[in-house]
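Engineer: This is final.pdb, which holds PDB, C-alpha atoms, pLDDT in the B column:
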```pdb
ATOM      1  CA  MET H   1      14.204  22.530 -10.650  1.00 78.00           C
ATOM      2  CA  GLN H   2      11.698  22.114 -13.483  1.00 89.00           C
ATOM      3  CA  ARG H   3       7.980  22.182 -12.663  1.00 84.00           C
ATOM      4  CA  PRO H   4       7.437  18.371 -12.990  1.00 86.00           C
ATOM      5  CA  GLU H   5      10.493  17.637 -10.827  1.00 93.00           C
ATOM      6  CA  LEU H   6       9.407  20.176  -8.234  1.00 95.00           C
ATOM      7  CA  HIS H   7       5.912  18.660  -8.206  1.00 95.00           C
ATOM      8  CA  GLN H   8       7.404  15.219  -7.536  1.00 96.00           C
ATOM      9  CA  HIS H   9       9.777  16.679  -4.941  1.00 96.00           C
ATOM     10  CA  ILE H  10       6.824  18.101  -3.011  1.00 97.00           C
ATOM     11  CA  ILE H  11       4.952  14.777  -3.157  1.00 97.00           C
ATOM     12  CA  ALA H  12       8.022  12.787  -2.071  1.00 97.00           C
ATOM     13  CA  THR H  13       8.951  15.143   0.747  1.00 97.00           C
ATOM     14  CA  ALA H  14       5.411  15.509   2.097  1.00 97.00           C
ATOM     15  CA  GLY H  15       4.790  11.789   1.627  1.00 97.00           C
ATOM     16  CA  ASN H  16       7.845  10.914   3.672  1.00 96.00           C
ATOM     17  CA  LEU H  17       6.608  13.208   6.431  1.00 97.00           C
ATOM     18  CA  PHE H  18       3.081  11.761   6.288  1.00 97.00           C
ATOM     19  CA  TYR H  19       4.466   8.216   6.409  1.00 96.00           C
ATOM     20  CA  THR H  20       6.956   8.733   9.232  1.00 94.00           C
ATOM     21  CA  GLN H  21       5.194  11.201  11.525  1.00 95.00           C
ATOM     22  CA  GLY H  22       1.571  11.150  10.400  1.00 95.00           C
ATOM     23  CA  TYR H  23      -0.762  13.197   8.248  1.00 96.00           C
ATOM     24  CA  ASN H  24      -2.204  15.287  11.069  1.00 96.00           C
ATOM     25  CA  SER H  25       1.217  15.919  12.620  1.00 97.00           C
ATOM     26  CA  THR H  26       2.599  17.304   9.368  1.00 97.00           C
ATOM     27  CA  GLY H  27       1.836  20.929   8.665  1.00 97.00           C
ATOM     28  CA  ILE H  28       2.092  22.957   5.478  1.00 97.00           C
ATOM     29  CA  ASN H  29       4.880  25.084   6.957  1.00 97.00           C
ATOM     30  CA  GLU H  30       6.957  21.978   7.654  1.00 98.00           C
ATOM     31  CA  ILE H  31       6.418  20.715   4.097  1.00 98.00           C
ATOM     32  CA  VAL H  32       7.442  24.119   2.717  1.00 97.00           C
ATOM     33  CA  SER H  33      10.530  24.167   4.940  1.00 97.00           C
ATOM     34  CA  LYS H  34      11.616  20.593   4.090  1.00 97.00           C
ATOM     35  CA  CYS H  35      11.067  21.244   0.375  1.00 96.00           C
ATOM     36  CA  ASN H  36      13.010  24.503   0.629  1.00 96.00           C
ATOM     37  CA  ILE H  37      10.352  26.373  -1.338  1.00 96.00           C
ATOM     38  CA  ALA H  38       8.040  29.316  -0.788  1.00 95.00           C
ATOM     39  CA  LYS H  39       4.492  28.698   0.385  1.00 96.00           C
ATOM     40  CA  ALA H  40       3.205  30.313  -2.825  1.00 96.00           C
ATOM     41  CA  THR H  41       5.201  27.759  -4.828  1.00 95.00           C
ATOM     42  CA  LEU H  42       3.581  24.906  -2.928  1.00 96.00           C
ATOM     43  CA  TYR H  43       0.121  26.343  -3.511  1.00 96.00           C
ATOM     44  CA  GLY H  44       0.995  26.747  -7.191  1.00 95.00           C
ATOM     45  CA  HIS H  45       1.201  22.946  -7.314  1.00 96.00           C
ATOM     46  CA  PHE H  46      -1.424  21.883  -4.774  1.00 97.00           C
ATOM     47  CA  LYS H  47      -4.534  23.603  -3.430  1.00 97.00           C
ATOM     48  CA  SER H  48      -4.331  21.993  -0.002  1.00 97.00           C
ATOM     49  CA  LYS H  49      -2.549  19.523   2.249  1.00 97.00           C
ATOM     50  CA  GLU H  50      -5.321  17.062   1.398  1.00 96.00           C
ATOM     51  CA  ASP H  51      -4.459  17.354  -2.309  1.00 97.00           C
ATOM     52  CA  ILE H  52      -0.804  16.645  -1.528  1.00 98.00           C
ATOM     53  CA  CYS H  53      -1.880  13.611   0.484  1.00 98.00           C
ATOM     54  CA  ILE H  54      -4.055  12.381  -2.387  1.00 98.00           C
ATOM     55  CA  ALA H  55      -1.105  12.647  -4.780  1.00 98.00           C
ATOM     56  CA  TYR H  56       1.099  10.828  -2.257  1.00 98.00           C
ATOM     57  CA  LEU H  57      -1.428   8.017  -1.708  1.00 98.00           C
ATOM     58  CA  GLU H  58      -1.960   7.571  -5.442  1.00 98.00           C
ATOM     59  CA  GLN H  59       1.765   7.478  -6.135  1.00 97.00           C
ATOM     60  CA  ARG H  60       2.478   5.004  -3.326  1.00 97.00           C
ATOM     61  CA  HIS H  61      -0.362   2.766  -4.460  1.00 98.00           C
ATOM     62  CA  GLN H  62       0.705   2.810  -8.107  1.00 98.00           C
ATOM     63  CA  ASN H  63       4.289   1.991  -7.155  1.00 97.00           C
ATOM     64  CA  PHE H  64       3.123  -0.798  -4.846  1.00 97.00           C
ATOM     65  CA  MET H  65       0.826  -2.354  -7.449  1.00 98.00           C
ATOM     66  CA  LEU H  66       3.569  -2.226 -10.070  1.00 98.00           C
ATOM     67  CA  ALA H  67       6.028  -3.850  -7.657  1.00 97.00           C
ATOM     68  CA  LEU H  68       3.476  -6.522  -6.725  1.00 98.00           C
ATOM     69  CA  LYS H  69       2.665  -7.341 -10.353  1.00 98.00           C
ATOM     70  CA  ASN H  70       6.373  -7.586 -11.173  1.00 98.00           C
ATOM     71  CA  HIS H  71       6.946  -9.775  -8.113  1.00 97.00           C
ATOM     72  CA  VAL H  72       4.117 -12.121  -9.104  1.00 98.00           C
ATOM     73  CA  GLU H  73       5.307 -12.344 -12.721  1.00 98.00           C
ATOM     74  CA  GLN H  74       8.833 -13.297 -11.625  1.00 98.00           C
ATOM     75  CA  LYS H  75       7.564 -16.299  -9.657  1.00 98.00           C
ATOM     76  CA  ASN H  76       6.754 -19.728 -11.047  1.00 97.00           C
ATOM     77  CA  THR H  77       3.040 -20.295 -11.479  1.00 96.00           C
ATOM     78  CA  GLY H  78       1.034 -21.947  -8.746  1.00 96.00           C
ATOM     79  CA  LYS H  79       1.788 -21.630  -5.057  1.00 96.00           C
ATOM     80  CA  ASN H  80       4.750 -19.272  -5.626  1.00 97.00           C
ATOM     81  CA  GLN H  81       2.590 -16.666  -7.372  1.00 98.00           C
ATOM     82  CA  LEU H  82      -0.148 -17.037  -4.787  1.00 98.00           C
ATOM     83  CA  LEU H  83       2.337 -16.326  -1.985  1.00 98.00           C
ATOM     84  CA  ALA H  84       4.258 -13.586  -3.835  1.00 98.00           C
ATOM     85  CA  ILE H  85       2.493 -10.814  -1.918  1.00 98.00           C
ATOM     86  CA  PHE H  86       4.063 -12.072   1.315  1.00 98.00           C
ATOM     87  CA  ASP H  87       7.505 -12.249  -0.308  1.00 97.00           C
ATOM     88  CA  LEU H  88       7.099  -8.644  -1.438  1.00 97.00           C
ATOM     89  CA  LEU H  89       5.991  -7.655   2.059  1.00 97.00           C
ATOM     90  CA  GLN H  90       9.102  -9.306   3.477  1.00 96.00           C
ATOM     91  CA  ASP H  91      11.224  -7.216   1.092  1.00 96.00           C
ATOM     92  CA  MET H  92       9.316  -4.084   2.087  1.00 95.00           C
ATOM     93  CA  TYR H  93       9.795  -4.887   5.775  1.00 95.00           C
ATOM     94  CA  ARG H  94      13.538  -5.234   5.268  1.00 94.00           C
ATOM     95  CA  SER H  95      13.740  -1.899   3.482  1.00 87.00           C
ATOM     96  CA  GLU H  96      14.667   1.216   5.374  1.00 75.00           C
ATOM     97  CA  ASN H  97      12.045   2.909   7.468  1.00 85.00           C
ATOM     98  CA  PHE H  98       9.208   0.368   7.270  1.00 92.00           C
ATOM     99  CA  GLN H  99       6.260   2.006   9.001  1.00 92.00           C
ATOM    100  CA  GLY H 100       3.454  -0.324   7.939  1.00 93.00           C
ATOM    101  CA  CYS H 101       0.780   0.465   5.362  1.00 95.00           C
ATOM    102  CA  TRP H 102       0.783   4.094   4.256  1.00 94.00           C
ATOM    103  CA  GLY H 103      -2.947   3.844   3.517  1.00 95.00           C
ATOM    104  CA  LEU H 104      -3.937   2.418   6.884  1.00 94.00           C
ATOM    105  CA  LYS H 105      -1.714   4.923   8.675  1.00 94.00           C
ATOM    106  CA  THR H 106      -3.573   7.719   6.911  1.00 96.00           C
ATOM    107  CA  LEU H 107      -6.950   6.073   7.505  1.00 95.00           C
ATOM    108  CA  GLY H 108      -6.278   5.981  11.238  1.00 94.00           C
ATOM    109  CA  GLU H 109      -6.023   9.764  11.280  1.00 95.00           C
ATOM    110  CA  LEU H 110      -9.079  10.645   9.213  1.00 93.00           C
ATOM    111  CA  SER H 111     -12.179  12.253  10.578  1.00 92.00           C
ATOM    112  CA  PRO H 112     -15.585  11.170   9.227  1.00 90.00           C
ATOM    113  CA  LYS H 113     -15.670  14.419   7.239  1.00 92.00           C
ATOM    114  CA  GLN H 114     -12.608  13.522   5.154  1.00 93.00           C
ATOM    115  CA  LYS H 115     -14.576  11.422   2.684  1.00 95.00           C
ATOM    116  CA  LYS H 116     -12.334  12.229  -0.292  1.00 96.00           C
ATOM    117  CA  LEU H 117      -9.323  10.530   1.302  1.00 96.00           C
ATOM    118  CA  LEU H 118     -11.471   7.664   2.601  1.00 96.00           C
ATOM    119  CA  ASN H 119     -12.850   7.019  -0.890  1.00 97.00           C
ATOM    120  CA  ILE H 120      -9.355   6.929  -2.375  1.00 97.00           C
ATOM    121  CA  LEU H 121      -8.163   4.454   0.252  1.00 97.00           C
ATOM    122  CA  GLN H 122     -11.206   2.221  -0.275  1.00 97.00           C
ATOM    123  CA  LYS H 123     -10.665   2.285  -4.046  1.00 98.00           C
ATOM    124  CA  GLN H 124      -7.017   1.325  -3.630  1.00 98.00           C
ATOM    125  CA  LYS H 125      -7.757  -1.559  -1.270  1.00 98.00           C
ATOM    126  CA  LYS H 126     -10.461  -2.817  -3.656  1.00 98.00           C
ATOM    127  CA  GLU H 127      -7.961  -2.692  -6.525  1.00 98.00           C
ATOM    128  CA  LEU H 128      -5.546  -4.822  -4.511  1.00 98.00           C
ATOM    129  CA  LEU H 129      -8.302  -7.291  -3.649  1.00 98.00           C
ATOM    130  CA  LEU H 130      -9.384  -7.551  -7.304  1.00 98.00           C
ATOM    131  CA  TYR H 131      -5.805  -8.103  -8.418  1.00 98.00           C
ATOM    132  CA  LEU H 132      -5.399 -10.898  -5.876  1.00 98.00           C
ATOM    133  CA  GLY H 133      -8.547 -12.417  -7.380  1.00 98.00           C
ATOM    134  CA  GLU H 134      -6.853 -12.340 -10.788  1.00 98.00           C
ATOM    135  CA  VAL H 135      -3.769 -14.047  -9.365  1.00 98.00           C
ATOM    136  CA  VAL H 136      -5.948 -16.738  -7.786  1.00 98.00           C
ATOM    137  CA  GLY H 137      -7.879 -17.231 -11.037  1.00 97.00           C
ATOM    138  CA  ASP H 138      -4.651 -17.471 -13.055  1.00 97.00           C
ATOM    139  CA  ASN H 139      -3.137 -20.070 -10.723  1.00 97.00           C
ATOM    140  CA  ILE H 140      -6.016 -22.282  -9.648  1.00 96.00           C
ATOM    141  CA  SER H 141      -8.281 -23.683 -12.343  1.00 93.00           C
ATOM    142  CA  ASN H 142     -11.978 -24.524 -12.156  1.00 94.00           C
ATOM    143  CA  LEU H 143     -12.885 -22.232  -9.274  1.00 95.00           C
ATOM    144  CA  SER H 144     -16.290 -20.688  -8.890  1.00 96.00           C
ATOM    145  CA  LYS H 145     -16.514 -16.952  -8.382  1.00 96.00           C
ATOM    146  CA  ALA H 146     -17.328 -17.547  -4.709  1.00 97.00           C
ATOM    147  CA  GLU H 147     -14.271 -19.786  -4.246  1.00 97.00           C
ATOM    148  CA  THR H 148     -12.039 -17.236  -5.964  1.00 97.00           C
ATOM    149  CA  GLU H 149     -13.379 -14.475  -3.726  1.00 97.00           C
ATOM    150  CA  LYS H 150     -12.917 -16.615  -0.616  1.00 97.00           C
ATOM    151  CA  ILE H 151      -9.277 -17.393  -1.419  1.00 98.00           C
ATOM    152  CA  SER H 152      -8.356 -13.899  -2.608  1.00 98.00           C
ATOM    153  CA  GLY H 153     -10.185 -12.364   0.352  1.00 98.00           C
ATOM    154  CA  GLY H 154      -8.296 -14.642   2.708  1.00 98.00           C
ATOM    155  CA  LEU H 155      -4.949 -13.710   1.120  1.00 98.00           C
ATOM    156  CA  TYR H 156      -5.906 -10.039   1.358  1.00 98.00           C
ATOM    157  CA  LEU H 157      -6.836 -10.261   5.037  1.00 98.00           C
ATOM    158  CA  LEU H 158      -3.697 -12.226   5.902  1.00 98.00           C
ATOM    159  CA  TYR H 159      -1.569  -9.672   4.036  1.00 98.00           C
ATOM    160  CA  GLU H 160      -3.223  -6.675   5.702  1.00 98.00           C
ATOM    161  CA  SER H 161      -2.871  -8.160   9.171  1.00 98.00           C
ATOM    162  CA  ALA H 162       0.765  -9.112   8.493  1.00 98.00           C
ATOM    163  CA  VAL H 163       1.534  -5.513   7.461  1.00 97.00           C
ATOM    164  CA  THR H 164      -0.081  -4.070  10.573  1.00 96.00           C
ATOM    165  CA  GLU H 165       1.276  -6.588  13.054  1.00 97.00           C
ATOM    166  CA  SER H 166       4.840  -6.539  11.685  1.00 96.00           C
ATOM    167  CA  HIS H 167       4.821  -2.758  12.114  1.00 95.00           C
ATOM    168  CA  LEU H 168       3.261  -3.002  15.592  1.00 95.00           C
ATOM    169  CA  PHE H 169       5.757  -5.576  16.871  1.00 96.00           C
ATOM    170  CA  LYS H 170       8.717  -4.255  14.851  1.00 94.00           C
ATOM    171  CA  ASN H 171       9.330  -7.831  13.816  1.00 96.00           C
ATOM    172  CA  ASP H 172       8.673  -9.924  10.724  1.00 96.00           C
ATOM    173  CA  TRP H 173       7.189 -12.979  12.438  1.00 98.00           C
ATOM    174  CA  PRO H 174       3.637 -11.936  11.418  1.00 98.00           C
ATOM    175  CA  ILE H 175       4.703 -12.021   7.765  1.00 98.00           C
ATOM    176  CA  TYR H 176       6.123 -15.531   8.122  1.00 97.00           C
ATOM    177  CA  MET H 177       3.037 -16.671  10.009  1.00 98.00           C
ATOM    178  CA  ALA H 178       0.634 -15.226   7.414  1.00 98.00           C
ATOM    179  CA  ARG H 179       2.677 -16.807   4.602  1.00 98.00           C
ATOM    180  CA  GLY H 180       2.542 -20.124   6.434  1.00 98.00           C
ATOM    181  CA  ILE H 181      -1.237 -19.962   6.948  1.00 98.00           C
ATOM    182  CA  ALA H 182      -2.054 -18.811   3.402  1.00 98.00           C
ATOM    183  CA  PRO H 183      -1.644 -22.225   1.708  1.00 97.00           C
ATOM    184  CA  LEU H 184      -4.471 -23.557   3.880  1.00 96.00           C
ATOM    185  CA  LEU H 185      -6.764 -21.374   1.762  1.00 96.00           C
ATOM    186  CA  PHE H 186      -5.897 -23.094  -1.492  1.00 92.00           C
ATOM    187  CA  SER H 187      -3.818 -26.239  -0.925  1.00 84.00           C
ATOM    188  CA  GLU H 188      -6.707 -28.602  -1.782  1.00 73.00           C
ATOM    189  CA  ARG H 189      -7.553 -26.697  -4.966  1.00 68.00           C
ATOM    190  CA  GLU H 190      -4.094 -26.269  -6.538  1.00 60.00           C
TER     191      GLU H 190
END
```
Using structure tokens, write down the structure that the file contains.
Structural biologist:
Amino acid sequence: MQRPELHQHIIATAGNLFYTQGYNSTGINEIVSKCNIAKATLYGHFKSKEDICIAYLEQRHQNFMLALKNHVEQKNTGKNQLLAIFDLLQDMYRSENFQGCWGLKTLGELSPKQKKLLNILQKQKKELLLYLGEVVGDNISNLSKAETEKISGGLYLLYESAVTESHLFKNDWPIYMARGIAPLLFSERE
């Protein structure tokens, strides 16, 4: 395996372990074993488990944002683009091994001392919130900044709760409920 492929293999393997069994429950030895590599090889790519987790979180976030942007662009403008995040979540829920939000799962395991991971998660959630603001601005005209923030913030909070609750209940009713409530945020302004 070439160096770039091996690097990605380590991220994918460790990321799958972090997502399914948790960051704290996944040890370096398990990552090495699942990757079928020597510990020295792993440390040739990453300095620490935290660095592997950072790479995993960044990759998952980039893939999610790309998928979300593509999902939004494929929808007709207006209400369909504003609700696209819930349609994407429904697709994610139906995919194999849905375990909720990879970022929130990691956040739940962090100690106050793990500020590097916390900062990355905050940055990623802010990026999602800002993108939702762009979607709102592109689909509803003549909104003030405060109105845009209120609608995009509402969509964000509904999305985040739908992710968490659908994982908690192992059911997609929270996604349908959030998607049903979301138009109340903007129906008068469309």
Engineer: Go through stretch 57-130 of chain H residue by residue and, counting only C-alpha atoms, keep those with an atom at most 12 Å from stretch 39-52 of chain H; for each kept residue give the shortest atom pair and its distance in Å to one decimal, ordered by chain and increasing number, as JSON lines.
Structural biologist:
```
{"residue": "H:Leu57", "atom": "CA", "partner": "H:Ile52", "partner_atom": "CA", "distance": 8.7}
{"residue": "H:Glu58", "atom": "CA", "partner": "H:Ile52", "partner_atom": "CA", "distance": 9.9}
{"residue": "H:Gln59", "atom": "CA", "partner": "H:Ile52", "partner_atom": "CA", "distance": 10.6}
{"residue": "H:Thr106", "atom": "CA", "partner": "H:Glu50", "partner_atom": "CA", "distance": 11.0}
{"residue": "H:Leu110", "atom": "CA", "partner": "H:Glu50", "partner_atom": "CA", "distance": 10.8}
{"residue": "H:Gln114", "atom": "CA", "partner": "H:Glu50", "partner_atom": "CA", "distance": 8.9}
{"residue": "H:Lys115", "atom": "CA", "partner": "H:Glu50", "partner_atom": "CA", "distance": 10.9}
{"residue": "H:Lys116", "atom": "CA", "partner": "H:Glu50", "partner_atom": "CA", "distance": 8.7}
{"residue": "H:Leu117", "atom": "CA", "partner": "H:Glu50", "partner_atom": "CA", "distance": 7.7}
{"residue": "H:Leu118", "atom": "CA", "partner": "H:Glu50", "partner_atom": "CA", "distance": 11.3}
{"residue": "H:Ile120", "atom": "CA", "partner": "H:Asp51", "partner_atom": "CA", "distance": 11.5}
```
Engineer: Just want the 10 Å neighbourhood of H:Leu158, counted on only C-alpha atoms, with same-chain residues fewer than 4 positions away dropped. Output as a list in words.
Structural biologist: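 The filter keeps Phe86, Ser152, Gly153, Gly154, Ala162, Val163, Pro174, Ile175, Met177, Ala178, Arg179, Ile181 and Ala182 of chain H.
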Engineer: Once you count only C-alpha atoms, which residues end up no further than 12 Å from (-1.5, 15.1, 15.5) in the file's frame, shown as number ranges by chain?
Structural biologist: H: 18, 21-27, 106, 108-110
Engineer: Within 10 Å of (-5.7, -22.6, 0.6), only C-alpha atoms: residues as a PyMOL selection string?
Structural biologist: chain H and resi 79+82+150-152+154-155+181-190
Engineer: Please evaluate the PyMOL selection byres ((chain H and resi 84) around 10) against the structure above and give the resulting residues as an mmCIF file with C-alpha atoms, keeping the file's coordinate frame.
Structural biologist:
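And here is the file that came out, selection35.cif:
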```
data_model
loop_
_atom_site.group_PDB
_atom_site.id
_atom_site.type_symbol
_atom_site.label_atom_id
_atom_site.label_comp_id
_atom_site.auth_asym_id
_atom_site.auth_seq_id
_atom_site.Cartn_x
_atom_site.Cartn_y
_atom_site.Cartn_z
ATOM 1 C CA LEU H 68 3.476 -6.522 -6.725
ATOM 2 C CA LYS H 69 2.665 -7.341 -10.353
ATOM 3 C CA ASN H 70 6.373 -7.586 -11.173
ATOM 4 C CA HIS H 71 6.946 -9.775 -8.113
ATOM 5 C CA VAL H 72 4.117 -12.121 -9.104
ATOM 6 C CA GLU H 73 5.307 -12.344 -12.721
ATOM 7 C CA GLN H 74 8.833 -13.297 -11.625
ATOM 8 C CA LYS H 75 7.564 -16.299 -9.657
ATOM 9 C CA ASN H 76 6.754 -19.728 -11.047
ATOM 10 C CA LYS H 79 1.788 -21.630 -5.057
ATOM 11 C CA ASN H 80 4.750 -19.272 -5.626
ATOM 12 C CA GLN H 81 2.590 -16.666 -7.372
ATOM 13 C CA LEU H 82 -0.148 -17.037 -4.787
ATOM 14 C CA LEU H 83 2.337 -16.326 -1.985
ATOM 15 C CA ILE H 85 2.493 -10.814 -1.918
ATOM 16 C CA PHE H 86 4.063 -12.072 1.315
ATOM 17 C CA ASP H 87 7.505 -12.249 -0.308
ATOM 18 C CA LEU H 88 7.099 -8.644 -1.438
ATOM 19 C CA LEU H 89 5.991 -7.655 2.059
ATOM 20 C CA GLN H 90 9.102 -9.306 3.477
ATOM 21 C CA VAL H 135 -3.769 -14.047 -9.365
ATOM 22 C CA ARG H 179 2.677 -16.807 4.602
#
```
Engineer: Counting only C-alpha atoms, which of H:Thr13, H:Asn171, H:Ser111, H:Gln62 gets nearest to H:Leu128?
Structural biologist: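 Once distances to H:Leu128 are computed over only C-alpha atoms, the minimum belongs to H:Gln62.
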Engineer: Measure the distance from atom CA of H:Glu147 to atom CA of H:Gly103 in Å and round it to one decimal.
Structural biologist: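 Taking atom CA of H:Glu147 and atom CA of H:Gly103, their separation equals 27.3 Å.
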Engineer: Pick out the closest residue to H:Gln124 from this set: H:Ala55, H:Ser144, H:Met65, H:Gly180. Count all atoms listed in the file.
Structural biologist: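 Checking each candidate against H:Gln124, we get H:Met65 as the closest.
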Engineer: Extract, using all atoms listed in the file, all DNA, RNA and protein residues at most 10 Å from H:Glu127, discarding same-chain residues fewer than 5 positions from it, and format them as a VMD selection string.
Structural biologist: chain H and resid 61 65 121 to 122 132 to 133
Engineer: Assuming 4 Å of padding per side, give the centre and edge lengths of the axis-aligned box around every listed atom of stretch 37-52 of chain H, in Å to one decimal and as AutoDock Vina command-line options.
Structural biologist:
```
--center_x 2.5 --center_y 23.5 --center_z -2.5 --size_x 23.7 --size_y 21.7 --size_z 17.6
```
Engineer: For atom CA of H:Glu149 and atom CA of H:Ser161, quote the distance in Å rounded to one decimal.
Structural biologist: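 Atom CA of H:Ser161 lies 17.8 Å from atom CA of H:Glu149.
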Engineer: How far is it from atom CA of H:Lys105 to atom CA of H:Ser33, in Å with one decimal?
Structural biologist: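 Spanning atom CA of H:Lys105 to atom CA of H:Ser33 is a straight-line distance of 23.1 Å.
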Engineer: Compare H:Gln8, H:Met92, H:Cys35, H:Leu104 by their minimum atom-to-atom distance to H:Tyr56, counting all atoms listed in the file, and give me the closest one.
Structural biologist: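 Looking at the shortest contact to H:Tyr56, the residue is H:Gln8.
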Engineer: Write out as an NGL selection string which residues come within 10 Å of H:Lys170 when counting only C-alpha atoms, dropping same-chain ones fewer than 2 positions away.
Structural biologist: :H and (93 or 98-100 or 164-168 or 172-174)
Engineer: Have a look at H:Gln2, H:Asn97, H:Asn63, H:Asn142 and name the one nearest to H:Asn16; count all atoms listed in the file.
Structural biologist: H:Asn97
Engineer: For H:Ile54, which residue out of H:Asn119, H:Pro4, H:Ser95, H:Ala67 is the nearest one, using all atoms listed in the file?
Structural biologist: H:Asn119
